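*Asks:* Here it is, the structure in full.
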Amino acid sequence: MSKKGKKAKIPLSDEEQLLLFQQKLLAEEEMAKKKERLLNQFLKDKLAKEEHNSAMNLNKINTQWRTVLREVKTRELHKDIEILSQTFERVVDCKDSVIKSLAKDLSEAEEQYAHALRSHLHNIDQLLALQRCRLSLLEENYNMELESLTKEFETERKTIVDQHEKEIRYLQDVFMAMEQNYIDSEYESKLEFQSMWDDLKNKNLEEKHFLRLQLENAVEDLWRRFQDALKNYTDATEDRKIAFETLKVKDERSSKEIEAQMKKIQRLQDSIIILKGKIMVHSRESEEQNQDIRDDKELVLVQLQKLKAQRTQARGVSQENLVRLTLESNATLKALRRTVDKVAKGRGQPEPNQGHWPLVK
């Protein structure tokens, strides 16, 4: 009992108790199997002995010793039954002792489990209290940090707003200054463009007037020469009148070409005036349109150069026509002179003075 009390006082874990219980069960099972083997062996030996005795004394048992053998057999069986009953009682006592010990162990294990559960719940309550304290401290720290961050945010926000307002005022001042500079530069550009436009207009008018005077002088000179040639040709012979008419037609064609060139120049000048008017209209717009106007001005300058080239070309064509007409007039006069010489030789008259037939230069 003292040993059991000492063992009971030592706390065992659940695994150790389970192992102990399993060991006890295994020991009991082995003991029971051993007893069964012994009983079986005993019964087998007894059976073999009985069979041997039965084989030896079968005739005696059947004839004379039937009653004696029955009594002997009955006593032996009673002995066997007593032995078996004693063995069974011992086994039952062992089983009862094992059951009592297991029940005791189970009650002790339940007490230990209850004690461990109470200690575990107590520890959990302490941990919960500690966690609540920790959470309260963390909440206080969080509130303090939140308040400090809120103050810092408000101060920083105020400084940022002030800086933003200062920058806005600065940008407004810069914008006003840039706008004033833009207005000044635009006014200067307009003045420069107006001066350039006036220069181009005056130059164009001078070139137009010079070209008109030159063309008029050339036309008058040609007309005077044509009139002289026509008079000389009419006075000289009537046969060459058709050739003169052709020359006159060519002259009219040349004059028409000259008039067409003049009209073309006039149309180009009108287009230049229209383009300049458009440039003046577009000059009142923004600086982006000023670039377009400058491009248009460059195009107008290019067209003006083209017009100058066309004017030069027309002048060259007119000179070529005049040269061609002069050559044809000289050829006509030479042919007329030869005809007059032939007529004078046929009539026996002296040759006319060549001074009366001047060549057209």
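Residue numbering restarts at 1 for every chain of the structure tokens, chains are lettered A, B, ... in their displayed order, and ligands are numbered from 1 as they appear.
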Skipping near chain neighbours, those fewer than 5 positions away, what residues fall within 10 Å of Lys264 (chain A) using only C-alpha atoms, listed as a ChimeraX atom specification?

*Replies:* /A:258-259,269-270,307,310-311

*Asks:* Excluding same-chain residues fewer than 3 positions from Ala109 (chain A), what lies within 9 Å of it counting only C-alpha atoms, as an mmCIF file with C-alpha atoms, in the first residue's frame?

*Replies:*
```cif
data_model
loop_
_atom_site.group_PDB
_atom_site.id
_atom_site.type_symbol
_atom_site.label_atom_id
_atom_site.label_comp_id
_atom_site.auth_asym_id
_atom_site.auth_seq_id
_atom_site.Cartn_x
_atom_site.Cartn_y
_atom_site.Cartn_z
ATOM 1 C CA PRO A 11 1.988 12.757 -11.404
ATOM 2 C CA LEU A 12 1.945 10.842 -14.682
ATOM 3 C CA SER A 13 1.183 12.254 -18.101
ATOM 4 C CA ASP A 14 -1.568 10.920 -20.315
ATOM 5 C CA GLN A 17 -0.661 6.359 -18.201
ATOM 6 C CA LYS A 104 -7.970 3.466 -9.238
ATOM 7 C CA ASP A 105 -5.562 4.622 -11.914
ATOM 8 C CA LEU A 106 -8.448 6.055 -13.890
ATOM 9 C CA GLN A 112 -4.818 14.875 -12.411
ATOM 10 C CA TYR A 113 -6.710 15.946 -15.531
ATOM 11 C CA ALA A 114 -9.044 18.126 -13.461
#
```

*Asks:* Could you check how far CA of Asp80 (chain A) sits from CA of Val92 (chain A), in Å to one decimal?

*Replies:*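 Value for the CA of Asp80 (chain A)-CA of Val92 (chain A) distance: 17.8 Å.
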
*Asks:* What is the CA of His78 (chain A)-CA of Phe42 (chain A) distance in Å, reported with one decimal?

*Replies:*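 If I compute the distance from CA of His78 (chain A) to CA of Phe42 (chain A), I get 15.4 Å.
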
*Asks:* Excluding Lys248 (chain A) and its own-chain neighbours fewer than 5 positions away, which residues fall within 10 Å of it when counting only C-alpha atoms? Please give them as a list in words.

*Replies:* Phe226, Gln227, Leu230, Ile242, Ala243, Arg253, Ser254 and Leu325 of chain A

*Asks:* Counting only C-alpha atoms, which residue out of A:Lys44, A:Asn202, A:Ser101, A:Val72 sits closest to Lys24 (chain A)?

*Replies:*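 So, comparing all the options, the nearest one is A:Ser101.
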
*Asks:* Which polymer residues have any atom within 12 Å of an atom of Leu84 (chain A), counting only C-alpha atoms, with same-chain residues fewer than 2 positions away left out, as a list in words?

*Replies:* Lys35, Glu36, Leu38, Leu39, Asn40, Phe42, Leu43, Glu76, Leu77, His78, Lys79, Asp80, Ile81, Glu82, Gln86, Thr87, Phe88, Glu89, Arg90, Val91 and Val92 of chain A

*Asks:* Using only C-alpha atoms, please write the residues we just selected to a file, as a compact mmCIF listing (two decimals), in the first residue's frame.

*Replies:*
```txt
# COMPACT_ATOMS: atom_id res chain seq x y z
CA LYS A 35 -2.68 -20.56 -18.44
CA GLU A 36 -4.75 -21.68 -21.38
CA LEU A 38 -0.98 -25.19 -19.60
CA LEU A 39 -4.60 -26.23 -19.24
CA ASN A 40 -4.72 -27.51 -22.78
CA PHE A 42 -2.74 -30.91 -19.15
CA LEU A 43 -5.99 -31.91 -20.76
CA GLU A 76 -11.04 -37.80 -11.40
CA LEU A 77 -13.56 -35.61 -13.05
CA HIS A 78 -14.50 -34.10 -9.70
CA LYS A 79 -10.84 -33.43 -9.08
CA ASP A 80 -10.49 -31.88 -12.51
CA ILE A 81 -13.54 -29.77 -11.93
CA GLU A 82 -12.18 -28.64 -8.56
CA GLN A 86 -9.83 -23.14 -8.42
CA THR A 87 -7.97 -22.02 -11.56
CA PHE A 88 -11.00 -20.05 -12.70
CA GLU A 89 -11.36 -18.42 -9.28
CA ARG A 90 -7.71 -17.45 -9.33
CA VAL A 91 -8.12 -16.00 -12.83
CA VAL A 92 -11.25 -14.12 -11.74
```

*Asks:* Measuring between only C-alpha atoms, which one of A:Arg225, A:Arg132, A:Arg157, A:Lys208 shows the shortest distance to Leu322 (chain A)?

*Replies:*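 The shortest atom-to-atom distance to Leu322 (chain A) comes from A:Arg225.
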
*Asks:* Report as a PyMOL selection string all protein, DNA and RNA residues lying within 12 Å of Asn321 (chain A), evaluated on only C-alpha atoms, omitting residues in the same chain fewer than 4 positions from it.

*Replies:* chain A and resi 218-219+222+247+250-255+257-258+314-317+325-329

*Asks:* If you measure from CA of Asp184 (chain A) to CA of Met280 (chain A), what distance in Å do you get, rounded to one decimal?

*Replies:*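 Spanning CA of Asp184 (chain A) to CA of Met280 (chain A) is a straight-line distance of 18.4 Å.
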
*Asks:* Using only C-alpha atoms, which residues sit within 10 Å of Lys201 (chain A) once same-chain residues fewer than 6 positions away are excluded, as a PyMOL selection string?

*Replies:* chain A and resi 195+207+272-273+276

*Asks:* Those selected residues, please, written with all heavy atoms and delivered as a PDB file, in the first residue's frame.

*Replies:*
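result23.pdb was written with the following content:
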```pdb
ATOM      1  N   SER A 195       6.126  98.146 -92.077  1.00  0.00           N
ATOM      2  CA  SER A 195       7.187  98.840 -92.816  1.00  0.00           C
ATOM      3  C   SER A 195       7.660  98.015 -94.011  1.00  0.00           C
ATOM      4  O   SER A 195       7.837  98.535 -95.122  1.00  0.00           O
ATOM      5  CB  SER A 195       8.349  99.125 -91.872  1.00  0.00           C
ATOM      6  OG  SER A 195       8.885  97.906 -91.391  1.00  0.00           O
ATOM      7  N   GLU A 207       8.461  99.387-109.945  1.00  0.00           N
ATOM      8  CA  GLU A 207       8.768  98.446-111.023  1.00  0.00           C
ATOM      9  C   GLU A 207       7.642  98.407-112.050  1.00  0.00           C
ATOM     10  O   GLU A 207       7.884  98.316-113.267  1.00  0.00           O
ATOM     11  CB  GLU A 207       9.010  97.063-110.438  1.00  0.00           C
ATOM     12  CG  GLU A 207      10.293  96.964-109.636  1.00  0.00           C
ATOM     13  CD  GLU A 207      10.488  95.585-109.053  1.00  0.00           C
ATOM     14  OE1 GLU A 207       9.572  94.761-109.215  1.00  0.00           O
ATOM     15  OE2 GLU A 207      11.550  95.332-108.446  1.00  0.00           O
ATOM     16  N   ILE A 272      -1.503  89.635-105.787  1.00  0.00           N
ATOM     17  CA  ILE A 272      -0.562  90.078-104.755  1.00  0.00           C
ATOM     18  C   ILE A 272      -1.255  91.015-103.777  1.00  0.00           C
ATOM     19  O   ILE A 272      -1.086  90.925-102.557  1.00  0.00           O
ATOM     20  CB  ILE A 272       0.662  90.746-105.406  1.00  0.00           C
ATOM     21  CG1 ILE A 272       1.506  89.695-106.144  1.00  0.00           C
ATOM     22  CG2 ILE A 272       1.526  91.459-104.361  1.00  0.00           C
ATOM     23  CD1 ILE A 272       2.583  90.278-107.020  1.00  0.00           C
ATOM     24  N   ILE A 273      -2.060  91.929-104.323  1.00  0.00           N
ATOM     25  CA  ILE A 273      -2.778  92.869-103.454  1.00  0.00           C
ATOM     26  C   ILE A 273      -3.754  92.113-102.551  1.00  0.00           C
ATOM     27  O   ILE A 273      -3.892  92.410-101.360  1.00  0.00           O
ATOM     28  CB  ILE A 273      -3.509  93.921-104.313  1.00  0.00           C
ATOM     29  CG1 ILE A 273      -2.466  94.826-105.021  1.00  0.00           C
ATOM     30  CG2 ILE A 273      -4.434  94.773-103.449  1.00  0.00           C
ATOM     31  CD1 ILE A 273      -3.065  95.739-106.081  1.00  0.00           C
ATOM     32  N   LYS A 276      -1.820  90.378 -99.920  1.00  0.00           N
ATOM     33  CA  LYS A 276      -1.368  91.333 -98.912  1.00  0.00           C
ATOM     34  C   LYS A 276      -2.521  91.752 -98.004  1.00  0.00           C
ATOM     35  O   LYS A 276      -2.334  91.947 -96.796  1.00  0.00           O
ATOM     36  CB  LYS A 276      -0.761  92.551 -99.601  1.00  0.00           C
ATOM     37  CG  LYS A 276       0.588  92.266-100.232  1.00  0.00           C
ATOM     38  CD  LYS A 276       1.165  93.493-100.904  1.00  0.00           C
ATOM     39  CE  LYS A 276       2.535  93.191-101.521  1.00  0.00           C
ATOM     40  NZ  LYS A 276       3.117  94.366-102.199  1.00  0.00           N
TER      41      LYS A 276
END
```
